[in-house]
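As stored in model.cif (mmCIF, C-alpha atoms and all ligand atoms):
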data_entry
#
loop_
_atom_site.group_PDB
_atom_site.id
_atom_site.type_symbol
_atom_site.label_atom_id
_atom_site.label_comp_id
_atom_site.auth_asym_id
_atom_site.auth_seq_id
_atom_site.Cartn_x
_atom_site.Cartn_y
_atom_site.Cartn_z
ATOM 1 C CA MET A 1 82.957 86.802 51.296
ATOM 2 C CA ASP A 2 83.669 89.886 53.394
ATOM 3 C CA ASP A 3 87.336 90.663 53.986
ATOM 4 C CA TYR A 4 88.880 89.883 57.331
ATOM 5 C CA LEU A 5 92.194 89.592 59.087
ATOM 6 C CA VAL A 6 93.140 86.852 61.560
ATOM 7 C CA LYS A 7 95.637 87.102 64.392
ATOM 8 C CA ALA A 8 97.286 84.011 65.822
ATOM 9 C CA THR A 9 100.237 82.787 67.832
ATOM 10 C CA SER A 10 102.049 79.527 67.231
ATOM 11 C CA THR A 11 101.303 76.916 69.900
ATOM 12 C CA ASP A 12 105.016 76.853 70.830
ATOM 13 C CA GLY A 13 104.727 80.556 71.675
ATOM 14 C CA LEU A 14 107.607 81.548 69.380
ATOM 15 C CA PHE A 15 105.784 83.369 66.594
ATOM 16 C CA ARG A 16 102.963 85.831 66.156
ATOM 17 C CA ALA A 17 101.116 85.602 62.850
ATOM 18 C CA TYR A 18 98.638 87.691 60.861
ATOM 19 C CA ALA A 19 96.897 86.933 57.596
ATOM 20 C CA VAL A 20 94.279 88.764 55.605
ATOM 21 C CA ASN A 21 91.918 88.237 52.723
ATOM 22 C CA ALA A 22 91.547 91.713 51.176
ATOM 23 C CA LYS A 23 89.791 90.985 47.882
ATOM 24 C CA GLN A 24 86.879 93.422 48.365
ATOM 25 C CA ASN A 25 89.179 96.081 49.748
ATOM 26 C CA VAL A 26 91.516 95.965 46.745
ATOM 27 C CA ALA A 27 88.529 95.780 44.363
ATOM 28 C CA THR A 28 87.174 99.002 45.922
ATOM 29 C CA ALA A 29 90.544 100.698 45.479
ATOM 30 C CA GLN A 30 90.643 99.518 41.859
ATOM 31 C CA LYS A 31 87.161 100.923 41.196
ATOM 32 C CA ASP A 32 87.739 104.265 42.985
ATOM 33 C CA HIS A 33 91.113 104.909 41.360
ATOM 34 C CA HIS A 34 90.506 103.291 37.949
ATOM 35 C CA THR A 35 93.797 101.432 38.264
ATOM 36 C CA SER A 36 95.381 99.487 35.385
ATOM 37 C CA ALA A 37 96.385 95.857 35.945
ATOM 38 C CA VAL A 38 99.923 96.630 37.157
ATOM 39 C CA SER A 39 98.774 99.599 39.237
ATOM 40 C CA SER A 40 95.992 97.479 40.823
ATOM 41 C CA VAL A 41 98.569 94.935 41.958
ATOM 42 C CA VAL A 42 100.943 97.581 43.332
ATOM 43 C CA LEU A 43 98.284 99.564 45.202
ATOM 44 C CA GLY A 44 96.702 96.332 46.449
ATOM 45 C CA ARG A 45 99.987 94.990 47.794
ATOM 46 C CA VAL A 46 100.670 98.265 49.623
ATOM 47 C CA LEU A 47 97.148 98.315 51.116
ATOM 48 C CA ILE A 48 97.501 94.704 52.317
ATOM 49 C CA ALA A 49 100.958 95.238 53.828
ATOM 50 C CA THR A 50 99.884 98.486 55.513
ATOM 51 C CA THR A 51 96.775 96.876 57.026
ATOM 52 C CA MET A 52 98.857 94.093 58.559
ATOM 53 C CA LEU A 53 101.597 96.471 59.689
ATOM 54 C CA ALA A 54 99.060 98.742 61.411
ATOM 55 C CA THR A 55 97.454 95.790 63.150
ATOM 56 C CA SER A 56 100.778 94.330 64.271
ATOM 57 C CA VAL A 57 102.613 97.400 65.553
ATOM 58 C CA ASN A 58 99.879 99.815 66.576
ATOM 59 C CA LYS A 59 98.493 100.800 69.868
ATOM 60 C CA ASN A 60 94.683 101.016 69.726
ATOM 61 C CA ASP A 61 94.272 104.660 68.840
ATOM 62 C CA GLU A 62 97.258 104.867 66.505
ATOM 63 C CA ALA A 63 97.076 105.209 62.754
ATOM 64 C CA ILE A 64 99.898 104.676 60.337
ATOM 65 C CA THR A 65 100.649 106.162 56.959
ATOM 66 C CA ALA A 66 103.021 104.281 54.665
ATOM 67 C CA LYS A 67 104.578 106.129 51.736
ATOM 68 C CA ILE A 68 106.600 104.368 49.089
ATOM 69 C CA ASN A 69 108.467 106.102 46.321
ATOM 70 C CA GLY A 70 111.086 104.182 44.353
ATOM 71 C CA LYS A 71 111.110 106.614 41.378
ATOM 72 C CA GLY A 72 109.521 103.956 39.156
ATOM 73 C CA MET A 73 106.491 104.499 36.910
ATOM 74 C CA THR A 74 103.984 104.189 39.769
ATOM 75 C CA GLY A 75 105.296 107.337 41.435
ATOM 76 C CA GLU A 76 104.485 107.694 45.114
ATOM 77 C CA ILE A 77 102.048 105.231 46.696
ATOM 78 C CA VAL A 78 100.373 106.223 49.961
ATOM 79 C CA ALA A 79 98.336 104.015 52.297
ATOM 80 C CA ASP A 80 96.763 104.808 55.596
ATOM 81 C CA SER A 81 95.448 102.317 58.147
ATOM 82 C CA ASP A 82 94.265 102.296 61.731
ATOM 83 C CA ALA A 83 94.573 99.262 64.011
ATOM 84 C CA ASN A 84 90.926 98.357 63.418
ATOM 85 C CA GLY A 85 91.029 97.344 59.786
ATOM 86 C CA HIS A 86 90.118 100.688 58.187
ATOM 87 C CA VAL A 87 92.498 101.231 55.309
ATOM 88 C CA LYS A 88 92.695 103.612 52.352
ATOM 89 C CA GLY A 89 95.287 104.493 49.757
ATOM 90 C CA PHE A 90 96.176 106.065 46.433
ATOM 91 C CA MET A 91 99.039 106.214 43.977
ATOM 92 C CA HIS A 92 100.488 108.937 41.785
ATOM 93 C CA ASN A 93 100.124 106.963 38.536
ATOM 94 C CA PRO A 94 97.129 104.599 38.454
ATOM 95 C CA GLN A 95 97.804 103.793 34.779
ATOM 96 C CA VAL A 96 101.134 101.972 34.718
ATOM 97 C CA PRO A 97 101.214 99.875 31.480
ATOM 98 C CA VAL A 98 101.692 96.091 31.386
ATOM 99 C CA THR A 99 104.877 96.292 29.336
ATOM 100 C CA ASN A 100 108.074 98.264 29.905
ATOM 101 C CA ASP A 101 109.972 100.324 27.322
ATOM 102 C CA ALA A 102 111.713 97.161 26.100
ATOM 103 C CA GLY A 103 108.320 95.566 25.360
ATOM 104 C CA GLN A 104 108.679 93.018 28.160
ATOM 105 C CA ALA A 105 106.153 92.350 30.921
ATOM 106 C CA MET A 106 106.556 94.991 33.624
ATOM 107 C CA THR A 107 107.521 93.445 36.968
ATOM 108 C CA ILE A 108 106.154 94.977 40.154
ATOM 109 C CA GLY A 109 109.664 95.768 41.389
ATOM 110 C CA GLU A 110 110.369 97.604 38.159
ATOM 111 C CA ALA A 111 107.067 99.521 38.249
ATOM 112 C CA VAL A 112 107.722 100.703 41.811
ATOM 113 C CA GLY A 113 111.492 101.131 41.474
ATOM 114 C CA THR A 114 114.121 100.840 44.202
ATOM 115 C CA ASP A 115 115.615 104.332 44.192
ATOM 116 C CA GLY A 116 113.861 105.500 47.332
ATOM 117 C CA PHE A 117 112.337 104.638 50.657
ATOM 118 C CA VAL A 118 109.508 103.071 52.615
ATOM 119 C CA GLU A 119 108.467 105.811 55.003
ATOM 120 C CA VAL A 120 106.091 105.056 57.862
ATOM 121 C CA THR A 121 104.472 107.730 60.028
ATOM 122 C CA ARG A 122 102.607 106.851 63.210
ATOM 123 C CA THR A 123 100.030 109.294 64.491
ATOM 124 C CA SER A 124 98.231 109.167 67.787
ATOM 125 C CA GLU A 125 95.745 111.603 69.374
ATOM 126 C CA GLY A 126 97.602 114.242 71.357
ATOM 127 C CA GLU A 127 101.092 113.095 70.393
ATOM 128 C CA ASP A 128 103.583 114.327 67.804
ATOM 129 C CA PRO A 129 103.661 112.124 64.693
ATOM 130 C CA TYR A 130 106.679 109.823 64.498
ATOM 131 C CA THR A 131 108.243 108.989 61.120
ATOM 132 C CA SER A 132 110.907 106.454 60.228
ATOM 133 C CA SER A 133 112.100 105.228 56.874
ATOM 134 C CA VAL A 134 114.282 102.539 55.319
ATOM 135 C CA PRO A 135 115.573 102.177 51.741
ATOM 136 C CA LEU A 136 113.506 100.079 49.336
ATOM 137 C CA THR A 137 115.081 96.690 48.725
ATOM 138 C CA SER A 138 113.190 95.173 45.784
ATOM 139 C CA GLY A 139 110.130 97.336 45.151
ATOM 140 C CA GLU A 140 108.057 94.134 45.356
ATOM 141 C CA ILE A 141 106.464 95.517 48.586
ATOM 142 C CA GLY A 142 106.497 92.339 50.726
ATOM 143 C CA ASP A 143 110.325 92.336 50.956
ATOM 144 C CA ASP A 144 110.320 96.067 51.554
ATOM 145 C CA PHE A 145 107.961 95.830 54.535
ATOM 146 C CA THR A 146 109.974 92.870 55.872
ATOM 147 C CA TYR A 147 113.094 95.022 55.759
ATOM 148 C CA TYR A 148 111.260 97.959 57.342
ATOM 149 C CA LEU A 149 110.120 95.824 60.293
ATOM 150 C CA ALA A 150 113.605 94.391 60.842
ATOM 151 C CA GLN A 151 115.427 97.718 60.568
ATOM 152 C CA SER A 152 113.038 100.255 61.937
ATOM 153 C CA GLU A 153 110.892 98.334 64.402
ATOM 154 C CA GLN A 154 113.644 95.816 65.311
ATOM 155 C CA ILE A 155 111.182 92.949 64.777
ATOM 156 C CA PRO A 156 112.460 90.027 62.687
ATOM 157 C CA SER A 157 109.508 89.321 60.375
ATOM 158 C CA ALA A 158 108.375 87.882 57.090
ATOM 159 C CA VAL A 159 105.778 89.680 54.998
ATOM 160 C CA GLY A 160 104.104 88.150 51.945
ATOM 161 C CA VAL A 161 101.540 90.014 49.850
ATOM 162 C CA SER A 162 99.715 88.993 46.694
ATOM 163 C CA VAL A 163 97.126 90.376 44.276
ATOM 164 C CA THR A 164 96.005 88.509 41.165
ATOM 165 C CA LEU A 165 93.576 89.563 38.444
ATOM 166 C CA ASP A 166 91.017 87.463 36.605
ATOM 167 C CA GLN A 167 90.717 87.385 32.818
ATOM 168 C CA LYS A 168 88.381 90.378 32.764
ATOM 169 C CA GLY A 169 90.847 92.427 34.815
ATOM 170 C CA GLY A 170 88.891 92.228 38.080
ATOM 171 C CA ILE A 171 90.525 91.311 41.381
ATOM 172 C CA GLU A 172 90.671 87.511 41.573
ATOM 173 C CA THR A 173 92.546 87.131 44.869
ATOM 174 C CA ALA A 174 94.191 89.573 47.276
ATOM 175 C CA GLY A 175 95.779 88.742 50.583
ATOM 176 C CA GLY A 176 98.907 88.211 52.575
ATOM 177 C CA TYR A 177 100.622 87.180 55.766
ATOM 178 C CA LEU A 178 102.918 88.760 58.311
ATOM 179 C CA ILE A 179 104.938 86.535 60.672
ATOM 180 C CA GLN A 180 106.846 88.009 63.614
ATOM 181 C CA VAL A 181 109.547 86.201 65.557
ATOM 182 C CA LEU A 182 108.983 86.568 69.295
ATOM 183 C CA PRO A 183 111.805 86.868 71.814
ATOM 184 C CA GLY A 184 113.015 83.400 72.826
ATOM 185 C CA ALA A 185 112.738 81.808 69.375
ATOM 186 C CA LYS A 186 115.965 79.941 68.620
ATOM 187 C CA ASP A 187 117.660 79.744 65.199
ATOM 188 C CA GLU A 188 116.441 76.200 64.639
ATOM 189 C CA ALA A 189 112.762 77.159 65.041
ATOM 190 C CA ILE A 190 113.232 80.223 62.832
ATOM 191 C CA THR A 191 114.973 78.205 60.094
ATOM 192 C CA LYS A 192 112.097 75.722 60.093
ATOM 193 C CA ILE A 193 109.524 78.474 59.504
ATOM 194 C CA VAL A 194 111.690 80.175 56.876
ATOM 195 C CA ASN A 195 111.953 76.858 55.010
ATOM 196 C CA ARG A 196 108.190 76.406 55.178
ATOM 197 C CA ILE A 197 107.655 79.948 53.859
ATOM 198 C CA ASN A 198 110.073 79.268 50.999
ATOM 199 C CA ALA A 199 108.127 76.105 50.131
ATOM 200 C CA LEU A 200 104.738 77.851 50.436
ATOM 201 C CA PRO A 201 102.391 77.558 47.429
ATOM 202 C CA ALA A 202 101.461 80.934 45.902
ATOM 203 C CA ILE A 203 99.159 82.886 48.260
ATOM 204 C CA SER A 204 96.750 83.255 45.316
ATOM 205 C CA GLU A 205 96.525 79.451 44.992
ATOM 206 C CA ILE A 206 95.702 79.085 48.689
ATOM 207 C CA LEU A 207 93.065 81.846 48.539
ATOM 208 C CA LYS A 208 91.559 80.438 45.337
ATOM 209 C CA THR A 209 90.813 77.209 47.193
ATOM 210 C CA ASP A 210 88.824 78.574 50.127
ATOM 211 C CA GLU A 211 89.394 82.361 50.506
ATOM 212 C CA LEU A 212 90.327 81.813 54.167
ATOM 213 C CA PRO A 213 93.282 83.754 55.582
ATOM 214 C CA GLU A 214 93.540 81.012 58.251
ATOM 215 C CA SER A 215 94.576 78.617 55.464
ATOM 216 C CA ILE A 216 97.618 80.756 54.610
ATOM 217 C CA LEU A 217 98.879 80.482 58.202
ATOM 218 C CA GLU A 218 98.088 76.766 58.381
ATOM 219 C CA HIS A 219 100.211 76.204 55.283
ATOM 220 C CA ILE A 220 103.107 77.938 57.063
ATOM 221 C CA PHE A 221 102.783 76.455 60.553
ATOM 222 C CA GLY A 222 100.917 73.221 59.884
ATOM 223 C CA LYS A 223 97.361 72.453 60.981
ATOM 224 C CA GLY A 224 96.892 72.387 64.749
ATOM 225 C CA ASN A 225 100.037 74.425 65.439
ATOM 226 C CA LEU A 226 98.276 77.766 65.856
ATOM 227 C CA HIS A 227 96.077 79.477 68.412
ATOM 228 C CA PHE A 228 93.749 81.787 66.494
ATOM 229 C CA LEU A 229 93.170 84.827 68.692
ATOM 230 C CA ASN A 230 90.612 86.880 66.782
ATOM 231 C CA LYS A 231 89.116 87.866 63.460
ATOM 232 C CA MET A 232 88.804 91.497 62.426
ATOM 233 C CA PRO A 233 86.794 92.870 59.498
ATOM 234 C CA VAL A 234 88.898 94.887 57.029
ATOM 235 C CA GLU A 235 87.493 97.520 54.702
ATOM 236 C CA PHE A 236 88.527 100.304 52.367
ATOM 237 C CA TYR A 237 87.283 103.231 54.387
ATOM 238 C CA CYS A 238 87.826 106.966 54.033
ATOM 239 C CA ASN A 239 86.753 109.336 56.801
ATOM 240 C CA CYS A 240 86.918 112.477 54.677
ATOM 241 C CA SER A 241 84.065 114.994 54.773
ATOM 242 C CA LYS A 242 83.192 118.459 53.547
ATOM 243 C CA VAL A 243 83.689 119.791 57.084
ATOM 244 C CA LYS A 244 87.185 118.232 57.329
ATOM 245 C CA PHE A 245 88.346 119.615 53.986
ATOM 246 C CA GLY A 246 86.825 122.968 54.970
ATOM 247 C CA ARG A 247 89.083 123.003 58.030
ATOM 248 C CA ASP A 248 92.100 122.195 55.847
ATOM 249 C CA LEU A 249 91.177 125.085 53.547
ATOM 250 C CA GLU A 250 91.133 127.453 56.551
ATOM 251 C CA GLY A 251 94.852 126.702 56.879
ATOM 252 C CA LEU A 252 95.650 128.122 53.431
ATOM 253 C CA PRO A 253 97.007 131.684 53.072
ATOM 254 C CA VAL A 254 94.144 134.214 53.047
ATOM 255 C CA PRO A 255 95.240 135.928 49.765
ATOM 256 C CA GLN A 256 95.150 132.548 47.999
ATOM 257 C CA LEU A 257 91.603 131.911 49.275
ATOM 258 C CA GLU A 258 90.523 135.415 48.243
ATOM 259 C CA THR A 259 91.792 134.788 44.712
ATOM 260 C CA MET A 260 89.751 131.593 44.567
ATOM 261 C CA LEU A 261 86.669 133.518 45.631
ATOM 262 C CA LYS A 262 87.222 136.359 43.171
ATOM 263 C CA GLU A 263 88.317 134.393 40.125
ATOM 264 C CA ASP A 264 86.738 130.953 40.531
ATOM 265 C CA LYS A 265 83.652 131.940 42.572
ATOM 266 C CA GLY A 266 84.148 128.852 44.710
ATOM 267 C CA ILE A 267 86.363 125.824 44.950
ATOM 268 C CA ASP A 268 86.249 122.099 44.174
ATOM 269 C CA VAL A 269 88.256 119.646 46.243
ATOM 270 C CA THR A 270 88.834 115.956 45.459
ATOM 271 C CA CYS A 271 89.913 113.515 48.154
ATOM 272 C CA ASN A 272 93.114 111.730 47.084
ATOM 273 C CA PHE A 273 92.183 108.608 49.014
ATOM 274 C CA CYS A 274 88.619 107.927 47.860
ATOM 275 C CA GLN A 275 88.096 110.386 44.971
ATOM 276 C CA SER A 276 85.040 111.961 46.662
ATOM 277 C CA LYS A 277 84.423 115.479 45.373
ATOM 278 C CA TYR A 278 83.361 118.445 47.501
ATOM 279 C CA HIS A 279 82.205 121.820 46.210
ATOM 280 C CA TYR A 280 82.320 125.048 48.233
ATOM 281 C CA ASN A 281 80.189 127.852 46.788
ATOM 282 C CA GLU A 282 80.869 131.583 47.208
ATOM 283 C CA ASP A 283 79.064 131.828 50.550
ATOM 284 C CA GLU A 284 80.851 128.800 51.950
ATOM 285 C CA LEU A 285 84.208 130.070 50.728
ATOM 286 C CA ALA A 286 83.531 133.477 52.337
ATOM 287 C CA THR A 287 82.875 131.716 55.666
ATOM 288 C CA ILE A 288 86.155 129.782 55.270
ATOM 289 C CA ILE A 289 88.023 133.025 54.555
ATOM 290 C CA ALA A 290 86.553 134.642 57.687
ATOM 291 C CA ALA A 291 87.675 131.647 59.762
ATOM 292 C CA ALA A 292 91.135 131.698 58.143
ATOM 293 C CA LYS A 293 91.456 135.421 58.989
ATOM 294 C CA SER A 294 90.517 134.972 62.631
ATOM 295 C CA ARG A 295 92.862 131.989 62.830
ATOM 296 C CA SER A 296 95.824 133.945 61.411
ATOM 297 C CA GLN A 297 95.089 136.864 63.812
ATOM 298 C CA LYS A 298 95.116 134.464 66.771
ATOM 299 C CA SER A 299 98.460 132.993 65.780
ATOM 300 C CA GLU A 300 100.091 136.437 65.436
HETATM 301 ZN ZN ZN A 401 88.065 110.462 51.086
#
Could I get this structure in the form of structure tokens?
Ligand SMILES: [Zn+2]
Amino acid sequence: MDDYLVKATSTDGLFRAYAVNAKQNVATAQKDHHTSAVSSVVLGRVLIATTMLATSVNKNDEAITAKINGKGMTGEIVADSDANGHVKGFMHNPQVPVTNDAGQAMTIGEAVGTDGFVEVTRTSEGEDPYTSSVPLTSGEIGDDFTYYLAQSEQIPSAVGVSVTLDQKGGIETAGGYLIQVLPGAKDEAITKIVNRINALPAISEILKTDELPESILEHIFGKGNLHFLNKMPVEFYCNCSKVKFGRDLEGLPVPQLETMLKEDKGIDVTCNFCQSKYHYNEDELATIIAAAKSRSQKSE
């Protein structure tokens, strides 16, 4: 089944809710980045949380970049999403092992670490990017995004994310939910939902049954207690191109570009997000250098 995200409000008008099935998306990330089991789960959780965050807080033309670095074995994890379900990401170490130094199973919190921050940058056409960050709380990703939303966006929320692997190491289930408390919700209503979240079966178990993100929300709110607003396709999508990277290269110092031309007779660039490779031959590099020169003259 193709991945999609659902948006809903509770019929009492007190909560907004999002849920996503992101199995194909996380499988694409796993294939592109050759991630180990632990790294697949970490990158997948960050992709899922970022997709839901972008959908829940963004204006239409905004994109967000989430960076997480807890100084654990994963190193930095970066995910990028627009409000329309296009998400991409990568991590510094795609090969985190299944066991830690003590020979025990590596937990996700341990792999990510907690000595660092969740940093979220919002970018919008024609506006300066805006970045805010909060300390990591558990490194388990769901808790960390929950804390980010409460602290930085001032939205009391609950975020749950899950990725499980099958016996062959492929992505078995991947999905999550994001619940936001709307103004006017009283403590009693909030406590009820928190209790239901605490009693929730594993997200993977729900998705194994029918793969429907709607089912996750129905488990939390009860059947018939939600208005489903819309469904949105979600995909791992990178908008990189040779032209775009060429423009980035024009921003490099001219002497550095000239060295590349003289010594390497060209340049190879790999996109961090999707691993696409682009080659610029001598002629193309000479054109880039000419553009870089005219650009640096203009800025003088
Ligand atoms: Zn790319």
Exercise. Hey, which residues come within 12 Å of ligand ZN 401 (chain A) if we count all atoms listed in the file? Could you give them as a ChimeraX atom specification?
Worked result: /A:29,32-33,80,87-90,236-245,269-278
For this session: Can you work out the spacing between atom CA of Lys208 of chain A and atom CA of Ile171 of chain A in Å, to one decimal?
Result: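 Interatomic distance here is 11.6 Å.
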Residues of segment 98-205 of chain A that approach segment 209-228 of chain A to 8 Å or less, counting all atoms listed in the file: could you list each one with the shortest pair of atoms and its distance in Å to one decimal, rows by chain and increasing residue number, as CSV?
residue,atom,partner,partner_atom,distance
A:Gly175,CA,A:Pro213,CA,7.5
A:Gly176,CA,A:Pro213,CA,7.8
A:Tyr177,CA,A:Ile216,CA,7.2
A:Ile193,CA,A:Ile220,CA,6.9
A:Arg196,CA,A:Ile220,CA,5.6
A:Ile197,CA,A:Ile220,CA,5.9
A:Leu200,CA,A:Ile220,CA,6.8
A:Ile203,CA,A:Ile216,CA,6.9
A:Glu205,CA,A:Thr209,CA,6.5
Problem set entry | Atom pair atom CA of Gly266 of chain A / atom CA of His34 of chain A: separation (Å) | 27.2 Å
Cut-off 9 Å: closest segment 51-76 of chain A/segment 127-148 of chain A atom pairs per residue, using all atoms listed in the file, as a tab-separated table:
residue	atom	partner	partner_atom	distance
A:Leu53	CA	A:Phe145	CA	8.2
A:Ile68	CA	A:Leu136	CA	8.1
A:Asn69	CA	A:Leu136	CA	8.4
A:Gly70	CA	A:Leu136	CA	6.9
A:Gly72	CA	A:Gly139	CA	9.0
For this session: Write out as a VMD selection string which residues come within 12 Å of segment 255-257 of chain A when counting all atoms listed in the file, dropping same-chain ones fewer than 5 positions away.
Result: chain A and resid 246 248 to 250 262 to 267 280 282 284 to 293 296
Exercise. Between atom CA of Asn84 of chain A and atom CA of Arg16 of chain A, what is the distance, to one decimal in Å?
Worked result: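 The value is 17.6 Å.
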Exercise. For Val118 of chain A, which of A:Val46, A:Thr191, A:Ser39, A:Ala158 is the closest residue, counting all atoms listed in the file?
Worked result: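 Closest candidate: A:Val46.
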Exercise. Closest to Met1 of chain A among A:Val112, A:Pro233, A:Ala79, A:Gly44, using all atoms listed in the file?
Worked result: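 Result for the nearest residue to Met1 of chain A: A:Pro233.
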Problem set entry | A:Glu188, A:Val181, A:Ser204, A:Pro253 ranked by distance to Thr9 of chain A, top pick (using all atoms listed in the file) |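 Comparing A:Glu188, A:Val181, A:Ser204, A:Pro253 against Thr9 of chain A, the winner is A:Val181.
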Exercise. Which of these residues is nearest to Ser56 of chain A, using only C-alpha atoms: A:Leu178, A:Leu165, A:Ala37, A:Ala199?
Worked result: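 Closest to Ser56 of chain A, using only C-alpha atoms: A:Leu178.
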